[in-house]
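S.K.: So here's work-v3.txt (compact mmCIF, C-alpha atoms).
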# COMPACT_ATOMS: atom_id res chain seq x y z
CA MET A 1 38.36 80.94 79.05
CA PRO A 2 36.83 84.13 80.44
CA LEU A 3 37.92 85.20 83.92
CA SER A 4 35.49 84.83 86.80
CA LYS A 5 34.17 87.92 88.57
CA LYS A 6 36.51 87.18 91.45
CA ASP A 7 39.54 86.97 89.14
CA ASN A 8 38.50 90.14 87.33
CA PHE A 9 38.16 91.93 90.64
CA LEU A 10 41.55 90.74 91.87
CA GLU A 11 43.24 91.62 88.60
CA GLU A 12 41.82 95.12 88.64
CA VAL A 13 42.79 95.76 92.26
CA LEU A 14 46.32 94.42 91.70
CA SER A 15 46.79 96.58 88.62
CA TYR A 16 46.98 99.58 91.00
CA ILE A 17 49.64 98.06 93.23
CA LYS A 18 52.95 99.49 92.05
CA PHE A 19 55.23 97.53 94.38
CA PRO A 20 55.40 94.07 92.78
CA PHE A 21 56.75 92.22 95.84
CA ASP A 22 53.48 92.91 97.73
CA ARG A 23 51.06 91.80 95.01
CA ASP A 24 51.03 88.12 95.99
CA ASP A 25 50.33 88.88 99.64
CA ILE A 26 47.54 91.31 98.76
CA LYS A 27 46.04 88.82 96.34
CA LYS A 28 46.02 86.08 98.97
CA GLU A 29 44.45 88.37 101.55
CA LEU A 30 41.67 89.52 99.19
CA GLU A 31 41.05 85.95 98.05
CA ASN A 32 40.62 84.84 101.67
CA HIS A 33 38.11 87.63 102.26
CA ILE A 34 36.14 86.62 99.18
CA LEU A 35 36.26 82.93 100.13
CA ASP A 36 34.99 83.69 103.65
CA LYS A 37 32.11 85.68 102.26
CA THR A 38 31.38 83.07 99.60
CA GLU A 39 31.18 80.45 102.32
CA PHE A 40 28.82 82.68 104.27
CA TYR A 41 26.50 83.17 101.29
CA THR A 42 26.63 79.47 100.43
CA GLU A 43 25.49 78.69 103.96
CA GLN A 44 22.63 81.16 103.40
CA GLY A 45 21.44 78.97 100.51
CA TYR A 46 22.98 80.69 97.49
CA ASP A 47 24.62 78.60 94.84
CA GLU A 48 28.36 78.94 94.36
CA ALA A 49 28.25 81.35 91.39
CA GLN A 50 25.77 83.64 93.12
CA ALA A 51 27.67 83.48 96.39
CA GLU A 52 30.91 84.52 94.65
CA GLU A 53 29.16 87.33 92.77
CA LEU A 54 27.68 88.67 96.01
CA SER A 55 31.04 88.36 97.78
CA VAL A 56 32.81 90.36 95.08
CA ARG A 57 30.05 92.97 95.19
CA ASP A 58 30.48 93.27 98.96
CA MET A 59 34.17 93.90 98.57
CA GLY A 60 33.41 97.27 97.00
CA ASP A 61 34.92 99.25 94.12
CA ALA A 62 38.13 97.58 92.82
CA VAL A 63 39.56 100.95 91.76
CA VAL A 64 39.04 102.53 95.19
CA ILE A 65 40.47 99.47 96.93
CA GLY A 66 43.42 99.31 94.53
CA VAL A 67 44.31 103.01 94.99
CA GLU A 68 43.99 102.75 98.77
CA LEU A 69 46.07 99.58 99.00
CA ASN A 70 48.74 101.15 96.81
CA LYS A 71 48.95 104.04 99.27
CA GLN A 72 49.36 101.59 102.15
CA HIS A 73 51.96 99.57 100.25
CA ASN A 74 53.96 102.64 99.25
CA PRO A 75 56.22 101.55 96.37
CA ILE A 76 59.04 103.93 97.36
CA ILE A 77 59.14 102.62 100.93
CA GLY A 78 58.80 99.10 99.53
CA TRP A 79 61.76 99.48 97.22
CA VAL A 80 63.90 101.14 99.91
CA TRP A 81 63.06 98.25 102.23
CA GLN A 82 63.93 95.65 99.59
CA ILE A 83 67.17 97.39 98.60
CA THR A 84 68.31 97.81 102.21
CA ASN A 85 67.42 94.16 102.85
CA ALA A 86 69.64 93.13 99.93
CA LEU A 87 72.45 95.42 101.10
CA VAL A 88 72.29 94.06 104.63
CA PHE A 89 72.38 90.50 103.29
CA LEU A 90 75.37 91.22 101.03
CA SER A 91 77.19 93.14 103.77
CA VAL A 92 76.73 90.36 106.27
CA ILE A 93 77.98 87.76 103.75
CA CYS A 94 80.99 89.95 102.87
CA SER A 95 81.70 90.55 106.57
CA ILE A 96 81.71 86.83 107.23
CA PHE A 97 84.31 86.24 104.52
CA MET A 98 86.35 89.41 104.95
CA ILE A 99 86.25 89.94 108.70
CA ALA A 100 84.80 87.09 110.73
CA LEU A 101 86.59 84.16 109.06
CA PRO A 102 90.04 85.84 108.90
CA MET A 103 89.60 86.96 112.51
CA ALA A 104 88.62 83.48 113.59
CA GLY A 105 91.60 82.17 111.62
CA THR A 106 94.02 84.45 113.43
CA LEU A 107 92.45 83.57 116.76
CA PHE A 108 93.05 79.89 116.21
CA SER A 109 96.19 79.74 114.08
CA GLY A 110 97.73 82.75 115.83
CA SER A 111 97.11 81.54 119.29
CA GLY A 112 100.11 79.25 119.26
CA ASN A 113 102.78 80.37 121.65
CA LEU A 114 105.92 81.59 119.88
CA VAL A 115 107.90 80.64 122.96
CA ASP A 116 107.29 76.99 122.09
CA THR A 117 108.99 77.43 118.70
CA ILE A 118 112.42 77.27 120.35
CA PRO A 119 113.53 73.68 121.08
CA SER A 120 114.09 73.18 124.80
CA SER A 121 117.42 71.49 124.06
CA ASN A 122 118.75 74.85 122.76
CA ILE A 123 117.68 76.87 125.77
CA VAL A 124 120.18 78.13 128.34
CA TYR A 125 117.53 79.96 130.29
CA LYS A 126 113.98 81.12 129.87
CA MET A 127 112.44 83.99 131.82
CA ASP A 128 108.96 85.28 132.28
CA VAL A 129 108.90 89.03 131.94
CA ASN A 130 106.03 91.39 132.60
CA GLU A 131 107.08 94.80 131.38
CA GLN A 132 104.45 96.97 129.75
CA VAL A 133 105.03 100.19 127.83
CA ARG A 134 102.86 102.44 125.64
CA LEU A 135 103.50 104.19 122.35
CA ASP A 136 100.61 106.49 121.43
CA ASP A 137 97.62 104.14 121.47
CA ARG A 138 99.74 100.99 121.19
CA THR A 139 100.41 98.88 124.26
CA ILE A 140 103.50 96.66 124.19
CA ASN A 141 103.91 93.93 126.74
CA PHE A 142 107.27 92.16 126.94
CA THR A 143 106.43 88.65 128.06
CA HIS A 144 109.45 86.32 127.87
CA LEU A 145 113.14 86.13 127.23
CA ILE A 146 114.88 83.01 126.01
CA TYR A 147 118.65 82.80 125.82
CA GLU A 148 119.97 80.06 123.57
CA LYS A 149 123.20 78.10 123.56
CA ASN A 150 124.20 79.82 120.31
CA LYS A 151 124.00 83.18 122.19
CA ASN A 152 120.77 84.22 120.54
CA MET A 153 118.63 86.30 122.87
CA ASN A 154 114.95 86.01 121.95
CA ILE A 155 112.65 88.76 123.12
CA PHE A 156 108.95 87.90 123.13
CA TYR A 157 106.29 90.57 123.28
CA GLU A 158 102.64 91.21 122.56
CA HIS A 159 101.20 94.43 121.22
CA TYR A 160 97.83 95.85 120.34
CA THR A 161 96.29 99.20 119.66
CA THR A 162 93.20 100.64 121.29
CA SER A 163 92.29 102.65 118.19
CA LEU A 164 90.87 99.50 116.52
CA ARG A 165 91.82 100.96 113.15
CA GLY A 166 93.91 99.47 110.41
CA GLY A 167 97.34 101.05 110.35
CA TRP A 168 101.01 100.53 109.80
CA SER A 169 102.43 97.39 111.31
CA PHE A 170 104.59 97.92 114.35
CA GLY A 171 108.23 98.13 113.33
CA THR A 172 111.14 98.31 115.70
CA ILE A 173 110.81 97.80 119.43
CA GLY A 174 113.90 99.92 119.86
CA GLU A 175 117.62 99.44 120.27
CA ILE A 176 118.70 96.36 122.19
CA LYS A 177 121.57 96.95 124.57
CA ASP A 178 123.09 95.42 127.68
CA ASN A 179 124.57 96.78 130.89
CA LEU A 180 128.08 96.28 129.49
CA GLY A 181 127.54 98.98 126.88
CA ASN A 182 126.96 96.66 123.93
CA THR A 183 124.34 97.55 121.31
CA TYR A 184 123.01 94.65 119.29
CA PHE A 185 121.72 94.18 115.80
CA VAL A 186 118.24 92.70 115.82
CA GLY A 187 118.74 89.82 113.44
CA SER A 188 115.35 88.37 112.80
CA GLY A 189 111.79 88.41 113.99
CA GLY A 190 108.32 87.19 113.40
CA SER A 191 104.79 87.66 114.56
CA ARG A 192 101.46 85.92 114.86
CA GLY A 193 97.95 86.92 115.65
CA GLY A 194 95.41 89.52 114.69
CA ILE A 195 94.07 91.99 117.19
CA LYS A 196 96.68 91.09 119.77
CA ASN A 197 99.90 90.47 117.95
CA ARG A 198 102.49 88.11 119.39
CA SER A 199 106.00 88.80 118.21
CA ILE A 200 109.58 87.74 118.67
CA ARG A 201 112.82 89.60 118.02
CA THR A 202 116.10 87.72 118.06
CA VAL A 203 119.41 89.33 118.93
CA GLU A 204 122.52 87.47 117.84
CA ASN A 205 125.70 87.08 119.90
CA PHE A 206 124.21 88.51 123.06
CA SER A 207 126.86 88.64 125.78
CA GLU A 208 126.58 85.84 128.30
CA GLU A 209 128.27 88.13 130.82
CA ALA A 210 125.56 90.77 130.66
CA ASP A 211 123.24 90.87 133.64
CA THR A 212 120.72 93.39 132.24
CA LEU A 213 118.99 93.56 128.89
CA ILE A 214 117.95 97.06 127.88
CA ILE A 215 115.31 97.88 125.29
CA ASP A 216 115.68 101.52 124.40
CA TYR A 217 113.11 103.18 122.12
CA ASP A 218 113.72 106.81 121.20
CA TYR A 219 112.26 107.86 117.89
CA TYR A 220 110.30 110.93 116.82
CA ASN A 221 109.92 112.32 120.35
CA ARG A 222 108.62 109.07 121.73
CA SER A 223 110.64 107.01 124.10
CA TYR A 224 110.63 104.19 126.57
CA ARG A 225 113.34 102.20 128.26
CA VAL A 226 112.90 98.72 129.64
CA GLU A 227 115.61 97.16 131.77
CA ILE A 228 115.30 93.45 132.39
CA PRO A 229 117.64 91.78 134.92
CA LEU A 230 119.14 88.57 133.55
CA PRO A 231 120.32 85.43 135.32
CA ALA A 232 123.82 86.02 133.97
CA GLY A 233 127.12 84.32 134.68
CA ASP A 234 126.99 81.24 136.85
CA LYS A 235 123.35 81.81 137.70
CA TYR A 236 122.12 80.07 134.54
CA GLU A 237 119.40 77.67 135.28
CA GLN A 238 117.62 75.69 132.62
CA THR A 239 113.84 75.91 132.93
CA MET B 1 57.30 95.67 112.78
CA SER B 2 56.29 98.32 110.28
CA ARG B 3 58.17 98.68 107.05
CA LEU B 4 59.61 102.02 108.11
CA LYS B 5 60.97 100.46 111.29
CA LYS B 6 62.52 97.65 109.24
CA ILE B 7 64.18 100.23 107.00
CA LEU B 8 65.50 102.05 110.05
CA ARG B 9 66.82 98.75 111.45
CA ASN B 10 68.54 97.99 108.12
CA ILE B 11 70.10 101.45 107.97
CA ILE B 12 71.47 101.03 111.49
CA ILE B 13 72.93 97.62 110.59
CA LEU B 14 74.50 99.05 107.42
CA ALA B 15 75.91 102.02 109.34
CA VAL B 16 77.48 99.68 111.91
CA ILE B 17 78.98 97.48 109.16
CA PHE B 18 80.27 100.56 107.29
CA PHE B 19 81.84 101.86 110.50
CA LEU B 20 83.42 98.45 111.11
CA TYR B 21 84.84 98.31 107.57
CA THR B 22 86.28 101.82 107.75
CA ARG B 23 87.86 100.97 111.10
CA LEU B 24 89.36 97.65 110.10
CA PHE B 25 90.52 98.63 106.63
CA GLY B 26 91.81 102.06 107.60
CA LEU B 27 89.34 104.02 105.48
CA PHE B 28 88.48 107.62 106.19
CA LEU B 29 86.01 110.19 104.94
CA ASP B 30 88.62 112.93 104.96
CA PRO B 31 92.17 112.87 103.49
CA LEU B 32 93.71 114.77 106.38
CA THR B 33 92.23 112.36 108.91
CA ALA B 34 93.77 109.49 106.92
CA HIS B 35 97.10 111.32 107.02
CA GLU B 36 96.87 111.93 110.77
CA HIS B 37 96.04 108.30 111.43
CA SER B 38 98.88 107.17 109.17
CA GLU B 39 101.34 109.20 111.23
CA ARG B 40 99.91 108.12 114.55
CA SER B 41 99.86 104.43 113.68
CA ILE B 42 103.56 104.55 112.81
CA HIS B 43 104.30 106.63 115.93
CA TYR B 44 105.32 109.82 114.20
CA GLY B 45 103.97 113.35 114.34
CA PRO B 46 101.44 114.90 114.38
CA SER B 47 103.04 117.11 111.78
CA GLU B 48 101.95 120.60 110.91
CA VAL B 49 100.38 120.41 107.44
CA VAL B 50 101.94 123.13 105.30
CA HIS B 51 100.63 122.25 101.86
CA VAL B 52 98.26 119.75 100.23
CA GLU B 53 98.55 118.94 96.55
CA ASP B 54 96.55 116.61 94.32
CA PHE B 55 97.99 113.83 92.19
CA ASP B 56 96.30 111.04 90.23
CA GLY B 57 94.18 109.19 92.74
CA GLY B 58 95.47 110.93 95.82
CA LYS B 59 97.03 113.84 97.61
CA TYR B 60 100.50 114.83 98.76
CA ILE B 61 100.56 116.21 102.26
CA LEU B 62 103.64 118.28 102.91
CA GLY B 63 104.34 118.90 106.56
CA LYS B 64 106.79 119.59 109.34
CA TYR B 65 107.16 117.88 112.66
CA ASP B 66 109.82 119.16 115.01
CA ASN B 67 113.05 118.74 113.03
CA TRP B 68 111.55 116.44 110.39
CA VAL B 69 109.99 117.18 107.03
CA SER B 70 107.55 114.76 105.44
CA CYS B 71 105.46 114.42 102.34
CA ASN B 72 102.93 111.75 103.10
CA THR B 73 100.47 110.45 100.52
CA VAL B 74 96.84 109.50 100.88
CA HIS B 75 94.83 107.67 98.24
CA ARG B 76 91.20 107.95 97.25
CA VAL B 77 89.29 104.66 97.31
CA LEU B 78 85.69 103.82 96.41
CA PHE B 79 85.10 107.39 95.13
CA PHE B 80 84.69 109.09 98.51
CA LEU B 81 86.91 107.30 101.01
CA TRP B 82 90.58 107.83 101.76
CA ARG B 83 93.31 105.53 102.93
CA PHE B 84 96.93 106.27 103.62
CA GLY B 85 99.65 105.75 101.06
CA ASN B 86 103.35 105.80 101.84
CA GLN B 87 106.19 107.73 103.44
CA PRO B 88 104.46 109.24 106.46
CA ILE B 89 107.79 109.55 108.24
CA GLY B 90 109.89 112.52 107.34
CA PHE B 91 113.59 113.02 106.98
CA GLU B 92 115.56 114.98 109.52
CA ASN B 93 116.48 118.48 108.45
CA ASP B 94 120.21 118.90 108.01
CA THR B 95 120.49 122.58 108.86
CA ALA B 96 124.13 122.63 107.76
CA LYS B 97 122.92 122.40 104.15
CA ALA B 98 121.28 125.27 102.29
CA ILE B 99 118.47 122.94 101.37
CA SER B 100 117.71 119.60 102.93
CA TYR B 101 115.63 117.34 100.74
CA THR B 102 114.63 113.87 99.67
CA TRP B 103 112.45 112.30 97.06
CA GLY B 104 109.69 109.74 96.85
CA THR B 105 107.70 107.75 94.37
CA SER B 106 104.17 106.60 94.83
CA SER B 107 102.62 103.51 93.31
CA MET B 108 101.82 103.19 89.62
CA VAL B 109 98.59 104.86 88.54
CA ASN B 110 97.49 104.35 84.93
CA SER B 111 100.99 103.04 84.09
CA ASN B 112 102.51 106.27 85.43
CA GLN B 113 104.55 106.77 88.56
CA ASN B 114 104.12 109.91 90.57
CA HIS B 115 107.43 111.32 91.73
CA ARG B 116 108.15 114.08 94.17
CA VAL B 117 111.17 115.93 95.43
CA TYR B 118 110.56 117.87 98.59
CA GLY B 119 112.54 119.54 101.24
CA ILE B 120 113.21 122.51 103.44
CA ILE B 121 115.09 125.71 102.67
CA ASN B 122 117.60 126.57 105.36
CA ASP B 123 119.12 129.55 103.56
CA ASP B 124 116.72 132.48 103.36
CA SER B 125 118.49 133.87 100.31
CA ILE B 126 117.25 130.97 98.19
CA LYS B 127 114.48 132.07 95.85
CA LYS B 128 114.37 129.21 93.37
CA VAL B 129 114.80 125.45 93.48
CA GLU B 130 115.47 123.67 90.22
CA ILE B 131 115.74 119.99 89.40
CA THR B 132 116.97 118.37 86.22
CA LEU B 133 115.37 115.01 85.52
CA ALA B 134 117.13 112.00 84.07
CA ASP B 135 115.70 112.82 80.64
CA GLY B 136 117.00 116.41 80.78
CA GLU B 137 113.70 118.08 81.60
CA ILE B 138 114.05 120.96 84.05
CA LEU B 139 111.44 121.68 86.74
CA THR B 140 111.57 124.71 89.00
CA GLN B 141 109.77 126.15 91.96
CA THR B 142 109.88 129.75 93.11
CA ASP B 143 106.75 129.96 95.26
CA PHE B 144 107.55 128.00 98.36
CA TYR B 145 105.21 126.75 101.06
CA GLU B 146 106.56 128.63 104.05
CA ASP B 147 110.12 127.29 103.96
CA LEU B 148 109.21 124.01 102.25
CA PHE B 149 109.21 123.11 98.57
CA LEU B 150 107.57 120.31 96.67
CA ILE B 151 108.18 119.53 93.02
CA THR B 152 106.10 116.76 91.48
CA TRP B 153 106.02 115.03 88.12
CA LYS B 154 104.90 111.84 86.43
CA SER B 155 106.98 109.26 84.65
CA SER B 156 106.34 105.98 82.93
CA ASN B 157 109.84 104.72 83.66
CA SER B 158 109.85 102.87 86.94
CA ASN B 159 113.48 101.79 86.67
CA ASP B 160 115.11 105.10 87.52
CA ARG B 161 116.53 104.70 90.98
CA TRP B 162 117.25 108.41 91.16
CA PRO B 163 114.94 110.08 88.67
CA ILE B 164 116.67 113.43 89.18
CA LYS B 165 120.17 114.16 87.95
CA ILE B 166 120.82 117.56 89.46
CA ILE B 167 119.19 119.70 92.10
CA ARG B 168 120.14 123.36 92.39
CA ALA B 169 119.00 126.28 94.49
CA TYR B 170 119.47 129.89 93.42
CA ASN B 171 119.33 133.24 95.13
CA SER B 172 117.52 136.30 93.76
CA GLY B 173 120.54 137.12 91.58
CA ASN B 174 120.34 133.65 90.01
CA LYS B 175 123.54 132.62 91.74
CA ILE B 176 123.77 128.94 92.64
CA ILE B 177 123.61 128.57 96.42
CA PHE B 178 123.27 124.80 96.50
CA GLU B 179 123.98 122.09 93.95
CA GLU B 180 123.99 118.33 94.16
CA GLU B 181 124.33 115.77 91.38
CA HIS B 182 123.08 112.20 91.36
CA PRO B 183 124.68 109.58 89.17
As structure tokens, how would this structure be written, given the file I've shared?

M.R.:
Amino acid sequence: MPLSKKDNFLEEVLSYIKFPFDRDDIKKELENHILDKTEFYTEQGYDEAQAEELSVRDMGDAVVIGVELNKQHNPIIGWVWQITNALVFLSVICSIFMIALPMAGTLFSGSGNLVDTIPSSNIVYKMDVNEQVRLDDRTINFTHLIYEKNKNMNIFYEHYTTSLRGGWSFGTIGEIKDNLGNTYFVGSGGSRGGIKNRSIRTVENFSEEADTLIIDYDYYNRSYRVEIPLPAGDKYEQT
Amino acid sequence: MSRLKKILRNIIILAVIFFLYTRLFGLFLDPLTAHEHSERSIHYGPSEVVHVEDFDGGKYILGKYDNWVSCNTVHRVLFFLWRFGNQPIGFENDTAKAISYTWGTSSMVNSNQNHRVYGIINDDSIKKVEITLADGEILTQTDFYEDLFLITWKSSNSNDRWPIKIIRAYNSGNKIIFEEEHP
């Protein structure tokens, strides 16, 4: 079946449009123009075939229109737009899976308080501490101490960096000592959280006679010293 | 919104996401920046970079910081980005020894391991450092980097705990000034 004049016109115009994603929109727009004019001519008393022929004639030269529309719908800009759209879409999807979900996960699963992991029946005393120190762009905040019946001293602290860059995980908080001159081996530890990391270090066989816990960091020309008074001796009070 | 404005908007979004990724995953445009961040994040340095040497997929960065000597590694990722490798922290120079040294191995690349022996020369009369590998191969260095040396090689055997058997240092008369054997 031969194409109508309108279809021929549209086909010729669209053959000049190099950016394929715009062809449908251009076709719809031109069709609407032709339909409006056809309606106008029909109202003037022309039959449908004549009205369409006159409408197409009024549109002008298909080649000129096609070349001009192709300039307006620049294929290079069109492709750059489409490609950047796709990249943005993919990046956002990847960010959701690689950044947002893990971050949300750490916010929820990591928000549990490590202090609560020690059964209250084991606790001799529990202290709130608020000692803050800095190492380069890392802030370390010692938050709690819990002394257990088995002589384990648990040191709780939070740390975060202001650089907001991935980096090495924070290793030692320093040597753990007491006012009696003892230096302790840090037996175990753990941590939770993402941006703000909550951690615990446990010192075994911590002297029950000591009345000050000392955290002494002195590595690679960086140092801090935190001295925390303890409710030692007969002053134990279960919290 | 015009198409050009939409492109500009997309480019800004992509730039922000790229910046976010490089931040969170420790990626850098420059190997020395990766090295500096590696040191800073482990609370060491900044060391003075004395020598940079390429290896498969990365670079060795030989440096000094106060009394420590380090040979950090950085790795190339995604063709043009860098992230830090291992051993940013150096060993402390034992000035009582004619040479103070250590060794390191970086991760497998193409089924090869990249090994390095590096250290500092404390005796100015030393003009050559020589190592004998477990398989008998001898590697030497006579052109030092200030007072530091770095000898690198590849091996496919990842089981050697100490891939060098002997390390020696010689003076200009080829007399042994320092020697140490490893079982």

S.K.: Distance limit 6 Å, atoms considered: only C-alpha atoms. Which chain B residues sit that close to chain A? Return them as a PyMOL selection string.

M.R.: chain B and resi 7+10+23-26+41-42+44

S.K.: Any idea what the distance is between CA of Ile167 in chain B and CA of Asp123 in chain B?

M.R.: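 Computed distance, CA of Ile167 in chain B to CA of Asp123 in chain B, equals 15.1 Å.
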
S.K.: What does the distance between CA of Asn179 in chain A and CA of Pro119 in chain A come to in Å, to one decimal place?

M.R.: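 Atom-to-atom, CA of Asn179 in chain A and CA of Pro119 in chain A are spaced 27.4 Å apart.
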
S.K.: Please return, as a ChimeraX atom specification, all polymer residues that have at least one atom within 9 Å of the point (123.5, 120.3, 87.6); use only C-alpha atoms and the file's own coordinate frame.

M.R.: /B:131-132,165-168,179-182

S.K.: With only C-alpha atoms as the basis for distance, which of B:Lys154, B:His75, B:Lys127, B:Lys97 is at the shortest distance from Asn112 in chain B?

M.R.: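 Among the listed residues, B:Lys154 lies closest to Asn112 in chain B.
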
S.K.: Using Å and a single decimal, report how far CA of Lys18 in chain A sits from CA of Glu31 in chain A.

M.R.: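 Taking CA of Glu31 in chain A as the start and CA of Lys18 in chain A as the end point, the length is 19.0 Å.
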
S.K.: Write out as a VMD selection string each polymer residue whose atoms come within 12 Å of range 208-211 of chain A, counting all atoms listed in the file; drop sequence neighbours fewer than 3 positions from it.

M.R.: chain A and resid 124 to 125 147 to 153 177 to 183 204 to 205 214 227 to 236

S.K.: Would you kindly return, as a tab-separated table (two decimals) with C-alpha atoms, in the frame of the given file, each protein, DNA or RNA residue with an atom no farther than 8 Å from any atom of Glu92 in chain B, considering all atoms listed in the file and excluding same-chain residues fewer than 3 positions away?

M.R.:
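Written out: part02.tsv:
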chain	number	residue	atom	x	y	z
B	67	ASN	CA	113.05	118.74	113.03
B	68	TRP	CA	111.55	116.44	110.39
B	69	VAL	CA	109.99	117.18	107.03

S.K.: Since the input lacks some atoms of range 149-156 of chain B, please model all heavy atoms and print them as a short mmCIF file (atom, residue, chain, number, x, y, z; two decimals), in the coordinates of the input.

M.R.:
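Output file selection16.cif follows:
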data_model
loop_
_atom_site.label_atom_id
_atom_site.label_comp_id
_atom_site.auth_asym_id
_atom_site.auth_seq_id
_atom_site.Cartn_x
_atom_site.Cartn_y
_atom_site.Cartn_z
N PHE B 149 109.50 123.18 100.01
CA PHE B 149 109.21 123.11 98.57
C PHE B 149 108.80 121.69 98.21
O PHE B 149 109.13 120.72 98.90
CB PHE B 149 110.40 123.57 97.73
CG PHE B 149 111.62 122.68 97.83
CD1 PHE B 149 111.81 121.63 96.95
CD2 PHE B 149 112.58 122.89 98.81
CE1 PHE B 149 112.93 120.80 97.04
CE2 PHE B 149 113.69 122.08 98.92
CZ PHE B 149 113.87 121.03 98.04
N LEU B 150 108.05 121.61 97.16
CA LEU B 150 107.57 120.31 96.67
C LEU B 150 107.46 120.39 95.16
O LEU B 150 106.72 121.22 94.63
CB LEU B 150 106.20 119.98 97.28
CG LEU B 150 105.44 118.79 96.67
CD1 LEU B 150 106.18 117.48 96.94
CD2 LEU B 150 104.02 118.70 97.24
N ILE B 151 108.24 119.57 94.48
CA ILE B 151 108.18 119.53 93.02
C ILE B 151 107.72 118.13 92.63
O ILE B 151 108.28 117.14 93.09
CB ILE B 151 109.56 119.84 92.40
CG1 ILE B 151 110.02 121.24 92.84
CG2 ILE B 151 109.50 119.76 90.88
CD1 ILE B 151 111.44 121.59 92.40
N THR B 152 106.68 118.06 91.83
CA THR B 152 106.10 116.76 91.48
C THR B 152 106.08 116.58 89.96
O THR B 152 106.01 117.56 89.21
CB THR B 152 104.66 116.64 92.01
OG1 THR B 152 103.85 117.61 91.37
CG2 THR B 152 104.60 116.84 93.50
N TRP B 153 106.15 115.35 89.54
CA TRP B 153 106.02 115.03 88.12
C TRP B 153 105.68 113.56 87.96
O TRP B 153 105.75 112.79 88.91
CB TRP B 153 107.31 115.38 87.36
CG TRP B 153 108.48 114.47 87.62
CD1 TRP B 153 108.90 113.44 86.84
CD2 TRP B 153 109.38 114.52 88.74
NE1 TRP B 153 110.01 112.84 87.40
CE2 TRP B 153 110.32 113.47 88.55
CE3 TRP B 153 109.48 115.33 89.87
CZ2 TRP B 153 111.35 113.23 89.46
CZ3 TRP B 153 110.51 115.08 90.78
CH2 TRP B 153 111.42 114.04 90.57
N LYS B 154 105.26 113.23 86.73
CA LYS B 154 104.90 111.84 86.43
C LYS B 154 105.93 111.23 85.50
O LYS B 154 106.54 111.95 84.71
CB LYS B 154 103.56 111.81 85.68
CG LYS B 154 102.36 111.97 86.55
CD LYS B 154 101.15 111.76 85.68
CE LYS B 154 99.99 112.59 86.13
NZ LYS B 154 98.89 112.55 85.18
N SER B 155 106.09 109.93 85.60
CA SER B 155 106.98 109.26 84.65
C SER B 155 106.48 107.85 84.41
O SER B 155 105.85 107.26 85.29
CB SER B 155 108.39 109.28 85.22
OG SER B 155 108.94 108.00 85.25
N SER B 156 106.75 107.35 83.22
CA SER B 156 106.34 105.98 82.93
C SER B 156 107.50 105.03 83.14
O SER B 156 107.35 103.82 83.00
CB SER B 156 105.83 105.88 81.49
OG SER B 156 106.81 106.36 80.62
#
